[in-house]
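Data from target06.txt: compact mmCIF, C-alpha atoms
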```
# COMPACT_ATOMS: atom_id res chain seq x y z
CA MET A 145 -18.80 -38.26 -10.64
CA ASN A 146 -18.16 -34.74 -11.87
CA LYS A 147 -14.91 -34.46 -13.75
CA LEU A 148 -13.24 -31.21 -12.67
CA PRO A 149 -11.85 -29.11 -15.51
CA THR A 150 -8.12 -29.39 -15.81
CA SER A 151 -5.76 -27.97 -18.37
CA SER A 152 -5.87 -31.11 -20.47
CA SER A 153 -9.64 -31.00 -20.81
CA THR A 154 -10.03 -27.28 -21.46
CA GLY A 155 -6.89 -26.75 -23.52
CA TRP A 156 -5.99 -23.79 -21.32
CA LEU A 157 -2.90 -23.71 -19.20
CA ASN A 158 -2.99 -22.42 -15.67
CA LYS A 159 -3.66 -18.68 -15.88
CA VAL A 160 -1.84 -17.78 -12.70
CA PRO A 161 1.78 -18.26 -11.62
CA GLU A 162 3.10 -21.10 -9.57
CA VAL A 163 3.61 -20.11 -5.98
CA ALA A 164 7.34 -19.91 -5.46
CA LEU A 165 9.44 -17.43 -3.50
CA SER A 166 9.62 -15.03 -6.45
CA PHE A 167 5.81 -14.99 -6.52
CA TRP A 168 5.67 -13.69 -2.96
CA ILE A 169 8.46 -11.15 -3.48
CA ILE A 170 6.85 -9.67 -6.57
CA LYS A 171 3.50 -9.69 -4.82
CA ILE A 172 4.78 -7.82 -1.77
CA MET A 173 6.69 -5.28 -3.81
CA SER A 174 3.88 -4.68 -6.27
CA THR A 175 1.68 -3.73 -3.32
CA THR A 176 4.05 -0.99 -2.27
CA VAL A 177 4.73 0.28 -5.76
CA GLY A 178 1.04 0.46 -6.59
CA GLU A 179 0.34 2.48 -3.48
CA THR A 180 3.21 4.95 -3.84
CA GLY A 181 2.39 5.35 -7.52
CA ALA A 182 -1.25 6.18 -6.87
CA ASP A 183 -0.26 8.45 -4.00
CA PHE A 184 2.19 10.31 -6.22
CA LEU A 185 -0.52 10.94 -8.80
CA ALA A 186 -3.11 12.00 -6.26
CA VAL A 187 -0.93 14.30 -4.17
CA ASN A 188 2.36 15.23 -5.84
CA ALA A 189 1.00 15.40 -9.36
CA GLY A 190 -2.10 17.08 -8.00
CA TRP A 191 -4.68 14.83 -9.64
CA GLY A 192 -6.69 14.44 -6.45
CA GLN A 193 -8.19 11.21 -5.10
CA GLY A 194 -11.27 11.27 -7.33
CA VAL A 195 -9.47 11.53 -10.65
CA THR A 196 -6.72 9.10 -9.61
CA SER A 197 -9.26 6.50 -8.51
CA SER A 198 -11.21 6.78 -11.75
CA VAL A 199 -8.07 6.48 -13.85
CA MET A 200 -6.87 3.46 -11.86
CA ALA A 201 -10.24 1.75 -12.09
CA THR A 202 -10.25 2.26 -15.85
CA LEU A 203 -6.71 0.93 -16.21
CA LEU A 204 -7.69 -2.07 -14.09
CA ALA A 205 -10.66 -2.80 -16.35
CA VAL A 206 -8.37 -2.74 -19.39
CA ALA A 207 -5.67 -4.87 -17.74
CA LEU A 208 -8.17 -7.40 -16.41
CA PHE A 209 -9.84 -7.65 -19.80
CA THR A 210 -6.44 -8.33 -21.37
CA GLN A 211 -5.51 -10.83 -18.67
CA LEU A 212 -8.78 -12.73 -19.04
CA ARG A 213 -8.24 -13.03 -22.75
CA THR A 214 -4.85 -14.71 -22.49
CA ARG A 215 -4.77 -18.48 -22.80
CA ARG A 216 -2.00 -19.08 -20.34
CA TYR A 217 -0.14 -17.32 -17.57
CA THR A 218 1.56 -14.33 -19.14
CA PRO A 219 3.76 -12.76 -16.47
CA TRP A 220 3.74 -9.10 -17.47
CA ILE A 221 -0.04 -8.93 -17.92
CA TYR A 222 -0.72 -10.94 -14.76
CA TRP A 223 1.48 -8.78 -12.56
CA LEU A 224 0.31 -5.52 -14.08
CA THR A 225 -3.21 -6.64 -13.22
CA VAL A 226 -2.11 -7.47 -9.66
CA VAL A 227 -0.58 -4.01 -9.20
CA LEU A 228 -3.78 -2.35 -10.43
CA VAL A 229 -6.00 -4.62 -8.32
CA SER A 230 -3.82 -3.65 -5.37
CA VAL A 231 -4.31 0.05 -6.03
CA VAL A 232 -8.05 -0.20 -6.60
CA GLY A 233 -8.56 -2.51 -3.61
CA THR A 234 -6.72 0.00 -1.43
CA GLN A 235 -8.71 2.90 -2.86
CA ILE A 236 -12.00 1.14 -2.17
CA THR A 237 -11.11 0.82 1.50
CA ASP A 238 -9.78 4.38 1.65
CA LEU A 239 -12.99 5.66 0.06
CA LEU A 240 -15.03 3.86 2.71
CA THR A 241 -12.81 4.98 5.58
CA ASP A 242 -11.97 8.56 4.61
CA GLY A 243 -14.77 9.41 2.22
CA LEU A 244 -17.75 7.78 3.92
CA GLY A 245 -16.47 7.57 7.48
CA VAL A 246 -16.94 3.81 7.74
CA SER A 247 -15.16 2.43 10.79
CA LEU A 248 -12.18 0.16 10.17
CA TYR A 249 -13.72 -2.45 12.46
CA ALA A 250 -16.74 -2.52 10.17
CA SER A 251 -14.81 -2.61 6.90
CA THR A 252 -12.43 -5.31 8.15
CA SER A 253 -15.34 -7.50 9.27
CA VAL A 254 -17.37 -6.93 6.12
CA PHE A 255 -14.48 -7.63 3.74
CA ALA A 256 -13.63 -10.78 5.70
CA ALA A 257 -17.25 -11.89 5.34
CA VAL A 258 -17.33 -11.03 1.64
CA LEU A 259 -14.12 -12.99 1.06
CA ALA A 260 -15.56 -15.99 2.90
CA ALA A 261 -18.67 -15.70 0.72
CA ILE A 262 -16.59 -15.59 -2.45
CA PHE A 263 -14.76 -18.76 -1.41
CA PHE A 264 -18.03 -20.45 -0.42
CA ILE A 265 -19.66 -19.73 -3.77
CA TRP A 266 -16.45 -20.54 -5.64
CA TYR A 267 -16.23 -23.91 -3.92
CA ARG A 268 -19.92 -24.69 -4.35
CA ILE A 269 -19.72 -24.10 -8.07
CA GLU A 270 -16.22 -25.32 -8.93
CA ARG A 271 -15.74 -28.01 -6.27
CA THR A 272 -12.13 -26.93 -5.95
CA LEU A 273 -10.36 -23.79 -4.78
CA SER A 274 -7.01 -24.92 -6.15
CA ILE A 275 -5.01 -22.10 -7.66
CA HIS A 276 -3.05 -24.62 -9.71
CA ASP A 277 -6.04 -25.20 -11.98
CA ILE A 278 -7.33 -21.79 -12.89
CA VAL A 279 -8.13 -23.03 -16.39
CA THR A 280 -11.59 -21.67 -17.04
CA ARG A 281 -12.90 -18.12 -17.41
CA ARG A 282 -15.29 -18.65 -14.51
CA ARG A 283 -12.59 -19.85 -12.13
CA GLU A 284 -10.40 -16.98 -13.11
CA LEU A 285 -13.18 -14.51 -12.33
CA PHE A 286 -13.55 -16.05 -8.88
CA TYR A 287 -9.78 -15.82 -8.47
CA TRP A 288 -9.63 -12.11 -9.29
CA ALA A 289 -12.68 -11.33 -7.17
CA ALA A 290 -10.90 -13.01 -4.27
CA ILE A 291 -7.64 -11.15 -4.99
CA LEU A 292 -9.42 -7.79 -5.05
CA CYS A 293 -11.14 -8.62 -1.78
CA THR A 294 -7.85 -9.65 -0.12
CA PHE A 295 -6.38 -6.25 -0.98
CA ALA A 296 -9.35 -4.38 0.43
CA LEU A 297 -9.32 -6.61 3.51
CA GLY A 298 -5.55 -6.37 3.92
CA THR A 299 -5.74 -2.57 3.72
CA ALA A 300 -8.55 -2.37 6.27
CA ALA A 301 -6.89 -4.83 8.66
CA GLY A 302 -3.54 -3.09 8.38
CA ASP A 303 -5.03 0.34 8.94
CA LEU A 304 -7.04 -1.03 11.86
CA ALA A 305 -3.88 -2.40 13.46
CA THR A 306 -2.22 1.00 13.03
CA GLU A 307 -5.07 2.96 14.52
CA ALA A 308 -6.42 0.63 17.19
CA LEU A 309 -3.05 -0.66 18.39
CA GLY A 310 -0.82 2.25 17.43
CA LEU A 311 1.18 -0.31 15.47
CA GLY A 312 3.95 1.57 13.70
CA PHE A 313 5.61 0.30 10.56
CA THR A 314 8.64 -1.27 12.24
CA TRP A 315 6.60 -3.38 14.62
CA GLY A 316 4.05 -3.85 11.85
CA ALA A 317 6.63 -5.29 9.47
CA LEU A 318 7.87 -7.60 12.22
CA ALA A 319 4.40 -8.63 13.36
CA PHE A 320 2.91 -9.25 9.92
CA GLY A 321 6.15 -10.83 8.77
CA ALA A 322 6.02 -13.18 11.75
CA LEU A 323 2.37 -14.03 11.04
CA ILE A 324 3.32 -14.86 7.46
CA GLY A 325 6.08 -17.06 8.83
CA VAL A 326 3.63 -18.84 11.11
CA THR A 327 1.24 -19.37 8.20
CA TYR A 328 4.06 -20.79 6.11
CA ALA A 329 5.08 -23.10 8.95
CA ALA A 330 1.49 -24.24 9.34
CA TRP A 331 1.43 -25.13 5.68
CA ARG A 332 4.71 -27.03 5.83
CA MET A 333 3.44 -28.99 8.79
CA GLY A 334 0.49 -30.22 6.77
CA GLY A 335 -1.96 -27.35 7.02
CA ASN A 336 -4.57 -26.86 4.32
CA ALA A 337 -2.80 -25.49 1.26
CA VAL A 338 -5.67 -23.30 0.04
CA LEU A 339 -6.35 -21.79 3.45
CA THR A 340 -2.71 -21.05 4.21
CA PHE A 341 -2.15 -19.59 0.74
CA TRP A 342 -5.00 -17.09 1.06
CA ILE A 343 -4.21 -16.18 4.65
CA GLY A 344 -0.62 -15.57 3.62
CA TYR A 345 -1.84 -13.57 0.65
CA ILE A 346 -3.98 -11.30 2.82
CA LEU A 347 -1.11 -10.79 5.27
CA THR A 348 1.30 -9.71 2.54
CA ARG A 349 -0.79 -6.57 1.99
CA PRO A 350 -0.16 -5.01 5.44
CA PHE A 351 3.34 -6.51 5.45
CA GLY A 352 4.16 -4.88 2.11
CA ALA A 353 2.72 -1.58 3.29
CA ALA A 354 4.78 -1.65 6.50
CA LEU A 355 7.93 -2.64 4.64
CA GLY A 356 7.41 0.20 2.18
CA ASP A 357 6.88 2.66 5.03
CA LEU A 358 9.99 1.37 6.76
CA LEU A 359 12.03 2.31 3.73
CA THR A 360 10.27 5.55 2.78
CA GLN A 361 9.65 7.24 6.12
CA ALA A 362 12.10 9.84 7.41
CA LYS A 363 14.67 8.78 9.98
CA THR A 364 12.92 11.09 12.44
CA TYR A 365 10.09 8.61 12.45
CA GLY A 366 12.31 5.55 12.56
CA GLY A 367 12.38 4.82 8.85
CA LEU A 368 15.37 4.50 6.56
CA GLY A 369 14.58 7.84 4.96
CA MET A 370 14.83 6.56 1.39
CA GLY A 371 11.74 8.48 0.36
CA ALA A 372 8.90 7.34 -1.87
CA MET A 373 10.70 7.94 -5.15
CA TRP A 374 13.83 5.87 -4.46
CA THR A 375 11.90 3.09 -2.73
CA SER A 376 9.51 2.85 -5.64
CA ALA A 377 12.39 2.86 -8.10
CA LEU A 378 14.12 0.07 -6.17
CA PHE A 379 10.99 -2.07 -5.84
CA LEU A 380 9.97 -1.45 -9.44
CA SER A 381 13.42 -2.54 -10.64
CA VAL A 382 13.22 -5.76 -8.66
CA ILE A 383 9.71 -6.42 -9.99
CA VAL A 384 10.72 -5.72 -13.58
CA ILE A 385 13.74 -8.01 -13.28
CA LEU A 386 11.78 -10.88 -11.75
CA VAL A 387 8.84 -10.51 -14.14
CA ALA A 388 11.20 -10.24 -17.12
CA VAL A 389 12.98 -13.42 -16.02
CA ALA A 390 9.62 -15.16 -15.72
CA GLN A 391 8.40 -13.81 -19.06
CA ILE A 392 11.58 -14.75 -20.89
CA GLY A 393 11.49 -18.18 -19.35
CA MET A 394 7.87 -18.52 -20.41
CA ASN A 395 8.66 -17.42 -23.98
CA GLY A 396 11.55 -19.88 -24.09
CA LYS A 397 9.29 -22.69 -22.94
CA ARG A 398 6.70 -21.79 -25.53
CA SER A 399 9.16 -21.76 -28.45
CA ALA A 400 10.57 -25.04 -27.22
CA GLN A 401 7.06 -26.48 -27.29
CA VAL A 402 6.38 -25.09 -30.74
CA ALA A 403 9.69 -26.38 -32.07
CA ALA A 404 9.17 -29.83 -30.59
CA MET B 173 12.42 -27.10 -11.25
CA LEU B 174 12.28 -25.06 -14.49
CA LYS B 175 15.14 -23.16 -16.11
CA GLN B 176 13.90 -19.73 -15.09
CA HIS B 177 13.91 -20.64 -11.42
CA SER B 178 17.64 -21.35 -11.48
CA ILE B 179 18.21 -17.71 -12.38
CA THR B 180 15.36 -16.42 -10.30
CA ARG B 181 16.33 -17.97 -7.03
CA PRO B 182 19.74 -16.30 -6.65
CA VAL B 183 18.31 -12.97 -7.82
CA VAL B 184 15.50 -13.27 -5.34
CA ALA B 185 17.79 -14.38 -2.54
CA VAL B 186 20.14 -11.47 -3.14
CA SER B 187 17.32 -8.91 -3.27
CA ALA B 188 15.80 -10.27 -0.08
CA ALA B 189 19.17 -10.32 1.66
CA VAL B 190 19.94 -6.74 0.63
CA LEU B 191 16.59 -5.50 1.89
CA LEU B 192 16.85 -7.38 5.17
CA ALA B 193 20.38 -6.12 5.72
CA LEU B 194 19.26 -2.55 5.10
CA ALA B 195 16.34 -2.96 7.45
CA ALA B 196 18.37 -4.64 10.18
CA GLY B 197 21.24 -2.22 9.94
CA CYS B 198 19.15 0.87 10.07
CA SER B 199 16.23 0.07 12.33
CA LYS B 200 16.41 2.37 15.30
CA PRO B 201 13.35 3.96 16.88
CA ALA B 202 14.75 7.46 16.46
CA ASP B 203 17.88 8.52 14.71
CA GLN B 204 19.52 11.26 16.75
CA ASN B 205 21.86 12.22 13.95
CA SER B 206 19.19 12.72 11.36
CA ALA B 207 19.67 15.79 9.25
CA SER B 208 16.59 15.09 7.26
CA ALA B 209 14.15 17.08 9.35
CA ALA B 210 13.26 20.23 7.50
CA SER B 211 12.80 22.31 10.60
CA ALA B 212 15.39 23.57 13.01
CA ALA B 213 13.79 21.65 15.84
CA THR B 214 15.39 18.24 16.02
CA MET B 215 13.63 16.95 19.07
CA GLN B 216 11.88 13.66 18.45
CA THR B 217 9.62 11.75 20.72
CA THR B 218 8.70 8.15 20.45
CA THR B 219 6.67 8.26 23.65
CA PRO B 220 4.01 10.76 24.65
CA SER B 221 5.79 13.94 25.60
CA GLN B 222 5.81 15.26 29.12
CA GLY B 223 5.97 18.94 29.91
CA THR B 224 7.23 20.03 26.48
CA ALA B 225 5.53 21.83 23.60
CA ALA B 226 5.51 18.74 21.39
CA SER B 227 2.21 17.01 20.78
CA LYS B 228 1.28 13.38 21.11
CA LEU B 229 2.17 13.19 17.45
CA GLY B 230 5.67 14.36 18.24
CA ASP B 231 7.38 17.35 16.75
CA LEU B 232 4.92 19.12 14.44
CA SER B 233 6.94 22.32 14.09
CA ALA B 234 7.89 21.71 10.46
CA PHE B 235 4.22 21.45 9.46
CA HIS B 236 3.19 24.23 11.80
CA SER B 237 5.67 26.64 10.28
CA ILE B 238 4.46 25.99 6.73
CA ALA B 239 0.89 26.57 7.91
CA THR B 240 1.97 29.84 9.55
CA ASP B 241 3.59 30.82 6.26
CA VAL B 242 0.41 30.08 4.34
CA ALA B 243 -1.71 32.05 6.80
CA ALA B 244 0.60 35.05 6.39
CA ILE B 245 0.31 34.85 2.61
CA VAL B 246 -3.47 34.59 2.87
CA ASP B 247 -3.51 37.67 5.11
CA LYS B 248 -1.65 39.56 2.40
CA GLY B 249 -4.46 38.61 0.05
CA ASP B 250 -2.35 36.52 -2.36
CA LEU B 251 -4.54 33.41 -2.58
CA PRO B 252 -2.76 31.80 -5.56
CA ALA B 253 0.57 32.03 -3.75
CA ALA B 254 -1.05 30.59 -0.62
CA LYS B 255 -2.45 27.73 -2.69
CA ALA B 256 1.04 27.01 -4.01
CA ARG B 257 2.62 27.15 -0.56
CA ILE B 258 0.03 24.94 1.09
CA LYS B 259 0.87 22.21 -1.36
CA ASP B 260 4.23 21.97 0.44
CA LEU B 261 2.27 21.26 3.61
CA GLU B 262 0.13 18.68 1.85
CA ILE B 263 3.14 16.82 0.48
CA ALA B 264 5.10 16.95 3.72
CA TRP B 265 2.07 15.87 5.76
CA ASP B 266 1.18 13.06 3.39
CA SER B 267 4.68 11.66 3.27
CA ALA B 268 4.88 11.58 7.07
CA GLU B 269 1.51 9.86 7.54
CA ALA B 270 2.92 6.41 8.27
CA GLY B 271 5.35 7.83 10.79
CA LEU B 272 2.91 10.10 12.61
CA LYS B 273 -0.42 8.31 12.62
CA PRO B 274 0.55 5.35 14.82
CA ARG B 275 1.63 7.74 17.59
CA ALA B 276 -1.89 9.15 18.07
CA ALA B 277 -4.37 8.20 15.37
CA ASP B 278 -7.22 10.37 16.68
CA ASP B 279 -5.05 13.47 16.86
CA TRP B 280 -3.70 12.70 13.42
CA HIS B 281 -7.23 12.59 12.00
CA VAL B 282 -8.13 15.90 13.64
CA LEU B 283 -5.14 17.64 12.11
CA ASP B 284 -5.61 15.87 8.78
CA LYS B 285 -9.21 17.13 8.55
CA ALA B 286 -8.12 20.66 9.41
CA ILE B 287 -5.47 20.54 6.70
CA ASP B 288 -8.03 19.16 4.24
CA LYS B 289 -10.39 22.04 5.00
CA SER B 290 -7.64 24.57 4.32
CA LEU B 291 -6.73 22.80 1.10
CA ALA B 292 -10.35 22.81 0.00
CA ALA B 293 -10.74 26.52 0.79
CA LEU B 294 -7.66 27.52 -1.16
CA ARG B 295 -8.43 25.16 -4.06
CA ALA B 296 -12.04 26.21 -4.50
CA GLY B 297 -13.14 27.28 -7.96
CA THR B 298 -13.17 30.88 -6.81
CA PRO B 299 -11.33 30.93 -3.48
CA SER B 300 -12.72 33.42 -1.03
CA GLN B 301 -10.46 35.52 1.17
CA ALA B 302 -12.81 35.15 4.12
CA ASP B 303 -13.11 31.35 3.88
CA SER B 304 -9.38 30.88 3.39
CA LYS B 305 -8.58 33.11 6.33
CA ALA B 306 -11.07 31.26 8.52
CA ALA B 307 -9.77 27.86 7.45
CA MET B 308 -6.18 28.85 8.15
CA ALA B 309 -7.12 30.30 11.52
CA ALA B 310 -8.83 27.04 12.42
CA LEU B 311 -5.81 25.07 11.24
CA LEU B 312 -3.38 27.12 13.33
CA LYS B 313 -5.67 26.77 16.29
CA THR B 314 -5.66 22.99 15.80
CA PHE B 315 -1.87 22.97 15.82
CA ASP B 316 -1.86 25.00 19.03
CA THR B 317 -4.39 22.73 20.66
CA LEU B 318 -2.45 19.60 19.79
CA GLU B 319 0.79 21.16 20.97
CA GLY B 320 -0.84 21.91 24.27
CA LYS B 321 -0.71 25.69 24.03
```

Take the structure in the file and give it back as structure tokens.
Amino acid sequence: MNKLPTSSSTGWLNKVPEVALSFWIIKIMSTTVGETGADFLAVNAGWGQGVTSSVMATLLAVALFTQLRTRRYTPWIYWLTVVLVSVVGTQITDLLTDGLGVSLYASTSVFAAVLAAIFFIWYRIERTLSIHDIVTRRRELFYWAAILCTFALGTAAGDLATEALGLGFTWGALAFGALIGVTYAAWRMGGNAVLTFWIGYILTRPFGAALGDLLTQAKTYGGLGMGAMWTSALFLSVIVILVAVAQIGMNGKRSAQVAA
Amino acid sequence: MLKQHSITRPVVAVSAAVLLALAAGCSKPADQNSASAASAATMQTTTPSQGTAASKLGDLSAFHSIATDVAAIVDKGDLPAAKARIKDLEIAWDSAEAGLKPRAADDWHVLDKAIDKSLAALRAGTPSQADSKAAMAALLKTFDTLEGK
């Protein structure tokens, strides 16, 4: 019988974080921050979509390269990569929708199909989709391909809900939040862990976007009127605090292991 | 489970609670007391308007007035100044996207394209007076059409 690679056999430790509440909070906030950051560069700083996209794609390549080279989960590199994947995934969908006029129905369906294909191939080759054992380069590549696809899919699905249903950000935050809750409940009641994780992961993209809009949009439109700058500052602070706590904890663990 | 989670959990719980409290306390469909609108018109609509000048997108007067400004500057022949002023429109329009688009996505796209055309005209390598004027005229016409004039 095939012995599946685990950390003891490869000498790697799991390259991705354990899925606790802080994971989801950082994930949701990093979505918003990535988007407002890219938007600021494209519009306010006047870089334009083309230049901003190229710069972000380059930064992603560098971050991903760095992430792939680490031997264990390193919080600041991992989350920086997630933020950049979020931005680039969003920009891919925006390029298709705004630049090439692809319908959101089409992009949502295609990205869903591509994601299913990624999982199919991943499972065929690795025999496991567990995110607790991302201990080989190949698995990690599958993981990041899936993550990128979830951001593109989440963007398309969220935009589709806005345009086809006229779903504003308040109802959007409630609806996607509720769907995440249902997914979580399904998991707790014995649902497939891999399936519920990825469904939840996809849903956090439109949820994060709606939550960000709820804070940034002017009160005239039903938002809290905090504006992009303050919202980003708030979210970025929370991210930095949580990632720092994780990183410090990780460093502490590592020195304890070395000392032992 | 691990040491870092004992610090993380309260931090996380507090952040989440703060955000939820903010959201719950301030979530109203339209805030009548808002002083944040740049324009003098404070009318807001959360439903399609009936028998008023507002569009399906709601009150566009703030954007419309910047566009009128830009058109006037273009008419005076000062294209660099027009390019600077239209950036105000771009920023205002972009920051209101999430609030406006859900109200009438098709109308939003129509106006967004018209604004994009004006931006492109004024940001061309060598902007032409004729193109800029035409783009601005088309943009103002789009505003009028959407506002039911």

Using all atoms listed in the file, find all polymer residues with an atom at most 12 Å away from the point (-4.2, -6.7, 8.7); report them as number ranges by chain.
-> A: 248-249, 251-253, 255-256, 294-309, 311, 316-317, 319-321, 323-324, 343-354

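In this structure, CA of Val226 (chain A) sits 9.1 Å away from CA of Gly178 (chain A).
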
Show me, as a tab-separated table, the residues of chain A having an atom within 6 Å of chain B, each with the closest atom pair and its distance in Å, using all atoms listed in the file.
```
residue	atom	partner	partner_atom	distance
A:Thr306	CA	B:Pro274	CA	5.5
A:Glu307	CA	B:Ala277	CA	5.4
A:Gly310	CA	B:Pro274	CA	4.3
A:Leu311	CA	B:Pro274	CA	5.7
A:Gly312	CA	B:Pro274	CA	5.2
A:Lys363	CA	B:Asp203	CA	5.7
A:Thr364	CA	B:Ala202	CA	5.7
A:Tyr365	CA	B:Gly271	CA	5.1
A:Gly366	CA	B:Pro201	CA	4.7
A:Gly393	CA	B:Gln176	CA	5.1
```

A straight line from CA of Arg257 (chain B) to CA of Val195 (chain A) spans 22.2 Å

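Each of A:Leu368, A:Leu165, A:Ala388, A:Ala201 was compared to Gly233 (chain A) using only C-alpha atoms, and A:Ala201 turns out to be the nearest.
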
Surrounding residues of region 271-287 of chain A excluding itself and chain neighbours under 3 positions, 9 Å, only C-alpha atoms, as a VMD selection string = chain A and resid 148 to 151 154 to 163 212 to 213 215 to 216 262 to 263 265 to 268 290 to 292 337 to 338

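The space separating CA of Ser174 (chain A) from CA of Val227 (chain A) comes to 5.4 Å.
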
Distance criterion (only C-alpha atoms): nearest to Arg295 (chain B) out of A:Leu224, A:Gly192, A:Leu204, A:Val246 | A:Gly192

Protein, DNA and RNA residues within 10 Å of (6.1, -18.9, -19.9), all atoms listed in the file, as a CSV table (one decimal) with C-alpha atoms, in the frame of the given file:
```
chain,number,residue,atom,x,y,z
A,161,PRO,CA,1.8,-18.3,-11.6
A,216,ARG,CA,-2.0,-19.1,-20.3
A,217,TYR,CA,-0.1,-17.3,-17.6
A,218,THR,CA,1.6,-14.3,-19.1
A,219,PRO,CA,3.8,-12.8,-16.5
A,389,VAL,CA,13.0,-13.4,-16.0
A,390,ALA,CA,9.6,-15.2,-15.7
A,391,GLN,CA,8.4,-13.8,-19.1
A,392,ILE,CA,11.6,-14.8,-20.9
A,393,GLY,CA,11.5,-18.2,-19.4
A,394,MET,CA,7.9,-18.5,-20.4
A,395,ASN,CA,8.7,-17.4,-24.0
A,396,GLY,CA,11.6,-19.9,-24.1
A,397,LYS,CA,9.3,-22.7,-22.9
A,398,ARG,CA,6.7,-21.8,-25.5
A,399,SER,CA,9.2,-21.8,-28.4
B,176,GLN,CA,13.9,-19.7,-15.1
```
